[in-house]
>>> print(open('input-v3.cif').read())   # mmCIF, C-alpha atoms
data_query
#
loop_
_atom_site.label_atom_id
_atom_site.label_comp_id
_atom_site.auth_asym_id
_atom_site.auth_seq_id
_atom_site.Cartn_x
_atom_site.Cartn_y
_atom_site.Cartn_z
CA MET Z 1 14.87 90.99 59.78
CA LEU Z 2 12.31 93.64 60.59
CA LEU Z 3 8.55 93.62 61.07
CA PHE Z 4 6.18 95.79 59.06
CA ARG Z 5 2.49 96.53 59.09
CA SER Z 6 2.13 95.57 55.42
CA GLU Z 7 3.92 95.13 52.11
CA GLU Z 8 3.18 98.79 51.39
CA HIS Z 9 5.15 99.74 54.50
CA VAL Z 10 8.06 97.52 53.41
CA ASN Z 11 8.16 99.23 50.01
CA ARG Z 12 7.94 102.68 51.58
CA TRP Z 13 10.79 101.83 53.97
CA CYS Z 14 12.98 100.46 51.15
CA THR Z 15 12.39 103.63 49.11
CA GLN Z 16 13.15 105.83 52.11
CA TRP Z 17 16.47 104.06 52.78
CA GLN Z 18 17.27 103.52 49.09
CA LEU Z 19 17.41 99.75 49.55
CA ALA Z 20 16.40 97.13 47.05
CA PRO Z 21 13.43 95.18 48.42
CA GLY Z 22 14.51 91.83 49.84
CA ALA Z 23 12.11 89.02 50.65
CA MET Z 24 8.72 89.49 52.27
CA LEU Z 25 7.43 86.65 54.41
CA SER Z 26 4.00 86.28 55.88
CA LEU Z 27 3.96 85.70 59.62
CA ASP Z 28 2.87 82.16 58.86
CA GLN Z 29 5.98 81.55 56.74
CA ALA Z 30 8.27 83.32 59.21
CA TRP Z 31 6.89 81.34 62.15
CA ARG Z 32 7.35 78.04 60.30
CA LEU Z 33 10.90 79.05 59.42
CA ALA Z 34 11.52 79.98 63.07
CA ARG Z 35 10.13 76.67 64.26
CA ALA Z 36 12.44 74.70 62.00
CA TRP Z 37 15.38 76.90 62.99
CA PHE Z 38 14.92 77.14 66.73
CA GLU Z 39 13.05 74.07 67.96
CA ALA Z 40 16.26 72.07 68.47
CA ASP Z 41 18.22 72.12 71.73
CA ARG Z 42 21.14 74.26 70.62
CA GLY Z 43 22.83 73.76 73.95
CA ALA Z 44 23.22 70.05 73.29
CA PRO Z 45 26.79 69.00 72.46
CA GLU Z 46 25.59 67.04 69.44
CA TRP Z 47 23.74 69.99 67.91
CA LYS Z 48 25.35 71.29 64.75
CA ARG Z 49 24.21 73.82 62.23
CA PRO Z 50 22.15 71.92 59.65
CA PRO Z 51 23.85 71.03 56.37
CA LEU Z 52 23.26 73.21 53.35
CA GLU Z 53 21.06 70.63 51.64
CA HIS Z 54 18.80 70.50 54.70
CA VAL Z 55 18.40 74.27 54.74
CA GLU Z 56 17.72 74.37 51.01
CA ALA Z 57 14.99 71.77 51.44
CA LEU Z 58 13.52 73.76 54.31
CA PHE Z 59 13.43 76.95 52.23
CA ALA Z 60 11.78 75.09 49.36
CA SER Z 61 9.16 73.57 51.70
CA LEU Z 62 8.18 77.11 52.69
CA ASP Z 63 8.12 78.28 49.07
CA LEU Z 64 11.21 80.40 49.64
CA ARG Z 65 12.81 80.05 46.22
CA GLY Z 66 14.97 81.98 43.79
CA PRO Z 67 18.35 83.69 43.98
CA PHE Z 68 17.55 85.45 47.26
CA TRP Z 69 17.31 82.10 49.06
CA SER Z 70 20.20 80.42 47.30
CA LEU Z 71 23.02 79.38 49.62
CA ARG Z 72 25.46 78.49 46.89
CA PRO Z 73 27.74 80.73 44.84
CA ALA Z 74 26.21 81.67 41.50
CA GLY Z 75 26.39 78.83 39.01
CA LYS Z 76 27.03 76.09 41.62
CA MET I 1 32.13 67.24 77.79
CA ASP I 2 34.97 69.41 76.54
CA LEU I 3 35.16 73.07 77.47
CA ASP I 4 33.38 74.34 74.37
CA ALA I 5 30.48 71.93 74.88
CA THR I 6 30.31 72.75 78.58
CA LEU I 7 30.17 76.47 77.92
CA ARG I 8 27.59 76.07 75.20
CA ARG I 9 25.35 73.97 77.47
CA TYR I 10 25.73 76.44 80.34
CA THR I 11 25.16 79.46 78.10
CA TYR I 12 21.90 78.10 76.72
CA ASP I 13 20.74 76.91 80.14
CA VAL I 14 21.32 80.36 81.65
CA THR I 15 19.82 82.16 78.67
CA LEU I 16 16.67 80.05 78.68
CA ALA I 17 16.32 80.42 82.45
CA THR I 18 16.95 84.16 82.69
CA GLY I 19 16.41 85.62 79.21
CA ALA I 20 20.00 86.80 78.76
CA PRO I 21 23.34 85.06 78.21
CA PRO I 22 25.91 84.78 81.00
CA THR I 23 28.97 87.01 81.25
CA ILE I 24 32.52 85.82 80.73
CA ALA I 25 33.03 86.13 84.49
CA ALA I 26 30.05 83.87 85.18
CA LEU I 27 31.20 81.37 82.56
CA ALA I 28 34.65 81.30 84.16
CA VAL I 29 33.19 80.53 87.58
CA ALA I 30 30.86 77.87 86.18
CA SER I 31 33.57 76.12 84.18
CA GLY I 32 36.54 76.57 86.50
CA GLN I 33 38.49 78.16 83.66
CA ASP I 34 40.22 81.51 83.70
CA ALA I 35 38.73 84.36 81.68
CA GLU I 36 41.23 83.94 78.83
CA GLY I 37 40.31 80.29 78.47
CA VAL I 38 36.65 81.23 78.35
CA ARG I 39 37.30 83.98 75.79
CA ALA I 40 39.15 81.55 73.54
CA ALA I 41 36.32 79.02 73.79
CA LEU I 42 33.72 81.71 73.00
CA ARG I 43 35.73 82.71 69.93
CA ARG I 44 35.64 79.09 68.75
CA LEU I 45 31.87 78.92 69.33
CA ALA I 46 31.45 82.17 67.41
CA ALA I 47 33.57 80.84 64.54
CA ALA I 48 31.24 77.83 64.45
CA ARG I 49 28.28 80.25 64.33
CA ILE I 50 26.85 78.94 67.57
CA LEU I 51 27.10 82.33 69.31
CA VAL I 52 27.80 85.92 68.28
CA LEU I 53 30.20 88.00 70.36
CA GLN I 54 30.38 91.71 71.12
CA PRO I 55 33.25 93.02 68.99
CA VAL I 56 35.17 94.98 71.62
CA SER I 57 34.46 93.28 74.95
CA GLY I 58 34.24 89.72 73.63
CA GLU I 59 31.15 89.15 75.77
CA ILE I 60 28.26 87.21 74.23
CA LEU I 61 26.01 89.39 72.08
CA MET I 62 23.66 86.75 70.74
CA THR I 63 22.65 83.34 72.00
CA PRO I 64 20.29 82.88 69.07
CA PRO I 65 17.43 83.76 69.17
CA PHE I 66 18.19 85.80 72.33
CA SER I 67 20.07 89.09 72.47
CA ALA I 68 22.26 90.23 75.36
CA VAL I 69 21.45 93.86 74.63
CA PRO I 70 18.15 95.71 74.18
CA THR I 71 16.61 95.50 70.71
CA PRO I 72 13.24 96.58 69.22
CA PHE I 73 11.88 93.08 69.97
CA LEU I 74 10.84 92.66 73.60
CA VAL I 75 9.59 89.14 74.31
CA THR I 76 7.65 88.37 77.49
CA THR I 77 6.90 84.85 78.67
CA ALA I 78 5.65 83.53 81.98
CA ARG I 79 9.31 82.92 82.89
CA HIS I 80 10.95 86.24 82.00
CA GLN I 81 11.38 89.16 79.62
CA SER I 82 14.07 89.01 76.98
CA TYR I 83 15.17 90.70 73.80
CA ALA I 84 15.27 88.90 70.45
CA ASN I 85 17.76 89.77 67.74
CA CYS I 86 15.20 90.36 65.00
CA ALA I 87 11.61 89.66 63.99
CA TRP I 88 12.43 86.08 63.02
CA ASP I 89 14.20 85.48 66.33
CA ALA I 90 11.27 87.03 68.22
CA LEU I 91 9.13 84.21 66.83
CA GLY I 92 11.89 81.77 67.75
CA VAL I 93 12.03 82.59 71.47
CA PRO I 94 8.70 80.99 72.42
CA ILE I 95 9.45 78.08 70.10
CA MET I 96 12.78 77.39 71.78
CA MET I 97 11.21 77.86 75.22
CA ARG I 98 8.19 75.74 74.28
CA THR I 99 5.80 78.28 75.69
CA SER I 100 3.64 81.20 74.59
CA ALA I 101 4.94 84.75 74.49
CA ARG I 102 3.96 88.33 73.84
CA VAL I 103 6.22 90.22 71.44
CA VAL I 104 6.14 94.01 71.72
CA THR I 105 7.72 95.84 68.83
CA ALA I 106 6.93 98.47 66.20
CA CYS I 107 6.52 98.71 62.45
CA ALA I 108 10.02 99.46 61.14
CA CYS I 109 8.53 101.90 58.63
CA CYS I 110 6.03 104.01 60.52
CA GLY I 111 6.82 103.22 64.16
CA ASP I 112 3.28 102.12 64.92
CA ALA I 113 3.24 99.79 67.92
CA ILE I 114 2.73 96.10 67.17
CA THR I 115 1.95 93.49 69.80
CA LEU I 116 1.97 89.86 68.76
CA ASP I 117 0.86 86.93 70.88
CA VAL I 118 2.99 84.05 69.68
CA ASP I 119 2.44 80.43 70.44
CA ALA I 120 4.99 77.62 70.28
CA GLU I 121 2.54 75.35 68.49
CA ALA I 122 0.92 77.45 65.76
CA PRO I 123 1.68 80.59 63.75
CA PRO I 124 0.03 83.82 64.85
CA PRO I 125 -3.08 84.57 62.75
CA ARG I 126 -1.88 88.04 61.78
CA THR I 127 -1.18 89.94 58.58
CA GLU I 128 2.10 91.72 59.36
CA ILE I 129 5.12 91.11 57.12
CA VAL I 130 8.65 90.02 58.03
CA HIS I 131 11.15 91.55 55.64
CA PHE I 132 14.52 89.94 54.98
CA ALA I 133 16.77 92.61 53.53
CA VAL I 134 19.89 90.45 53.09
CA PRO I 135 20.04 87.41 50.78
CA ALA I 136 20.42 84.10 52.62
CA ALA I 137 23.95 83.46 51.38
CA LYS I 138 25.11 86.72 52.98
CA TRP I 139 23.40 86.51 56.38
CA TRP I 140 26.66 85.83 58.20
CA ASP I 141 28.70 88.47 56.34
CA ASP I 142 27.43 90.96 58.95
CA VAL I 143 25.00 89.12 61.19
CA VAL I 144 24.26 92.17 63.33
CA PHE I 145 23.04 94.09 60.26
CA THR I 146 21.18 91.02 59.00
#
>>> encode(input="input-v3.cif", output="structure tokens")
Amino acid sequence: MLLFRSEEHVNRWCTQWQLAPGAMLSLDQAWRLARAWFEADRGAPEWKRPPLEHVEALFASLDLRGPFWSLRPAGK
Amino acid sequence: MDLDATLRRYTYDVTLATGAPPTIAALAVASGQDAEGVRAALRRLAAARILVLQPVSGEILMTPPFSAVPTPFLVTTARHQSYANCAWDALGVPIMMRTSARVVTACACCGDAITLDVDAEAPPPRTEIVHFAVPAAKWWDDVVFT
């Protein structure tokens, strides 16, 4: 995940590297995603990666929707 | 705690205290295990996606959100300087440390310097964009590229 000045810079970079544009997040969205992802004590023995349903709900709460954010095989 | 839990606790404690993960040698001393025992435990933690290992040496590469090696995301807190694995992780460092931080990086397109002051309690009021190139379902196919 890289940082860009603007959406225009993302599009220019994708064209330059012949990559399909992925997902663009505002810093507000990315920070909220980071807070949900990293606020836990990952060194704790009881910490486990969150279940798929939890992550899906998190993505939806941040308006991260569509095939790009799907964690399931197509059609599941 | 079993060995894997002990190593995980120690790895995060050291990473949060110093900004970089411990070496296999340090983990061996801390746990009283030999290096092969530590390597096997690290492989299990990597398989569980707790850590990411360097492919040749087997040393820790990522204690998310921290990187063991220099990256374009230098994060400075009152405690130390560290490198984050990506833009998302750079926001995660101050959150995990529960402190404020300054992230020094550059626009991936034009190379223009970008400095972000990031707080653990509120998003930075800035207009830059974080771009995710890899769909979520494929993040772990090649997590270094992701």
>>> closest_atom_pairs(input="input-v3.cif", of="chain Z", to="range 141-146 of chain I", cutoff="12 Å", atoms="all atoms listed in the file", output="Markdown table")
| residue | atom | partner | partner_atom | distance |
| --- | --- | --- | --- | --- |
| Z:Met1 | CA | I:Thr146 | CA | 6.4 |
| Z:Leu2 | CA | I:Thr146 | CA | 9.4 |
| Z:Gly22 | CA | I:Thr146 | CA | 11.4 |
>>> axis_aligned_box(input="input-v3.cif", around="range 30-48 of chain Z", padding_each_side="6 Å", output="lines of an AutoDock Vina configuration file")
center_x = 16.8
center_y = 75.2
center_z = 66.6
size_x = 31.9
size_y = 28.3
size_z = 26.7
>>> atom_distance(input="input-v3.cif", atom1="CA of Asp34 in chain I", atom2="CA of Pro65 in chain I")
27.1 Å
>>> interface_residues(input="input-v3.cif", of="chain Z", to="chain I", cutoff="8 Å", atoms="only C-alpha atoms", output="VMD selection string")
chain Z and resid 1 to 7 9 to 10 12 to 13 20 to 28 30 to 32 34 to 35 37 to 45 49 67 to 72
>>> atom_distance(input="input-v3.cif", atom1="CA of Arg44 in chain I", atom2="CA of Glu53 in chain Z")
24.0 Å
>>> residues_around(input="input-v3.cif", residues="Ser67 in chain I", least_positions_apart="5", cutoff="7 Å", atoms="only C-alpha atoms", output="list in words")
Ala20, Leu61, Met62, Tyr83, Ala84 and Asn85 of chain I
>>> atom_distance(input="input-v3.cif", atom1="CA of Leu64 in chain Z", atom2="CA of Asn11 in chain Z")
19.1 Å
>>> resolve_selection(input="input-v3.cif", expression="the PyMOL selection byres ((chain I and resi 25) around 10)", output="mmCIF file with C-alpha atoms, in the coordinates of the input")
data_model
loop_
_atom_site.group_PDB
_atom_site.id
_atom_site.type_symbol
_atom_site.label_atom_id
_atom_site.label_comp_id
_atom_site.auth_asym_id
_atom_site.auth_seq_id
_atom_site.Cartn_x
_atom_site.Cartn_y
_atom_site.Cartn_z
ATOM 1 C CA PRO I 22 25.910 84.780 81.000
ATOM 2 C CA THR I 23 28.970 87.010 81.250
ATOM 3 C CA ILE I 24 32.520 85.820 80.730
ATOM 4 C CA ALA I 26 30.050 83.870 85.180
ATOM 5 C CA LEU I 27 31.200 81.370 82.560
ATOM 6 C CA ALA I 28 34.650 81.300 84.160
ATOM 7 C CA VAL I 29 33.190 80.530 87.580
ATOM 8 C CA ALA I 30 30.860 77.870 86.180
ATOM 9 C CA GLN I 33 38.490 78.160 83.660
ATOM 10 C CA ASP I 34 40.220 81.510 83.700
ATOM 11 C CA ALA I 35 38.730 84.360 81.680
ATOM 12 C CA VAL I 38 36.650 81.230 78.350
ATOM 13 C CA ARG I 39 37.300 83.980 75.790
ATOM 14 C CA GLU I 59 31.150 89.150 75.770
#
>>> closest_residue(input="input-v3.cif", among="I:Phe66, I:Ala17, I:Gly37, I:Gln81", to="Val52 in chain I", atoms="only C-alpha atoms")
I:Phe66
>>> residues_around(input="input-v3.cif", residues="Asp117 in chain I", least_positions_apart="2", cutoff="9 Å", atoms="all atoms listed in the file", output="number ranges by chain")
I: 100-104, 115, 119, 124
>>> closest_residue(input="input-v3.cif", among="Z:Gln16, Z:Ala36, Z:Glu8, Z:Pro73", to="Phe59 in chain Z", atoms="only C-alpha atoms")
Z:Ala36
>>> closest_residue(input="input-v3.cif", among="I:Pro70, I:Ala41, I:Gly19, I:Glu36", to="Leu3 in chain I", atoms="only C-alpha atoms")
I:Ala41
>>> build_atoms(input="input-v3.cif", residues="range 52-66 of chain Z", atoms="N, CA, C and O atoms", output="CSV table (one decimal), keeping the file's coordinate frame")
chain,number,residue,atom,x,y,z
Z,52,LEU,N,23.8,72.3,54.4
Z,52,LEU,CA,23.3,73.2,53.4
Z,52,LEU,C,22.1,72.6,52.7
Z,52,LEU,O,21.0,73.2,52.4
Z,53,GLU,N,22.2,71.3,52.4
Z,53,GLU,CA,21.1,70.6,51.6
Z,53,GLU,C,19.8,70.6,52.5
Z,53,GLU,O,18.7,70.8,52.0
Z,54,HIS,N,20.0,70.5,53.8
Z,54,HIS,CA,18.8,70.5,54.7
Z,54,HIS,C,18.1,71.9,54.7
Z,54,HIS,O,16.9,72.0,54.6
Z,55,VAL,N,19.0,72.9,54.7
Z,55,VAL,CA,18.4,74.3,54.7
Z,55,VAL,C,17.7,74.6,53.4
Z,55,VAL,O,16.6,75.2,53.4
Z,56,GLU,N,18.3,74.1,52.3
Z,56,GLU,CA,17.7,74.4,51.0
Z,56,GLU,C,16.4,73.7,50.9
Z,56,GLU,O,15.4,74.3,50.4
Z,57,ALA,N,16.3,72.5,51.5
Z,57,ALA,CA,15.0,71.8,51.4
Z,57,ALA,C,14.0,72.5,52.3
Z,57,ALA,O,12.8,72.6,52.0
Z,58,LEU,N,14.4,73.0,53.4
Z,58,LEU,CA,13.5,73.8,54.3
Z,58,LEU,C,13.0,75.0,53.6
Z,58,LEU,O,11.8,75.2,53.6
Z,59,PHE,N,13.9,75.8,53.0
Z,59,PHE,CA,13.4,77.0,52.2
Z,59,PHE,C,12.4,76.5,51.2
Z,59,PHE,O,11.4,77.2,51.0
Z,60,ALA,N,12.7,75.5,50.4
Z,60,ALA,CA,11.8,75.1,49.4
Z,60,ALA,C,10.4,74.7,49.9
Z,60,ALA,O,9.4,75.0,49.3
Z,61,SER,N,10.4,74.0,51.1
Z,61,SER,CA,9.2,73.6,51.7
Z,61,SER,C,8.3,74.8,52.1
Z,61,SER,O,7.1,74.6,52.2
Z,62,LEU,N,8.9,75.9,52.3
Z,62,LEU,CA,8.2,77.1,52.7
Z,62,LEU,C,8.0,78.0,51.5
Z,62,LEU,O,7.6,79.2,51.7
Z,63,ASP,N,8.3,77.5,50.3
Z,63,ASP,CA,8.1,78.3,49.1
Z,63,ASP,C,9.1,79.5,49.1
Z,63,ASP,O,8.7,80.5,48.5
Z,64,LEU,N,10.2,79.3,49.7
Z,64,LEU,CA,11.2,80.4,49.6
Z,64,LEU,C,12.2,80.0,48.6
Z,64,LEU,O,13.1,79.2,48.8
Z,65,ARG,N,12.0,80.5,47.4
Z,65,ARG,CA,12.8,80.0,46.2
Z,65,ARG,C,13.4,81.2,45.5
Z,65,ARG,O,13.1,82.4,45.8
Z,66,GLY,N,14.3,80.9,44.6
Z,66,GLY,CA,15.0,82.0,43.8
Z,66,GLY,C,16.3,82.4,44.3
Z,66,GLY,O,16.8,81.9,45.4
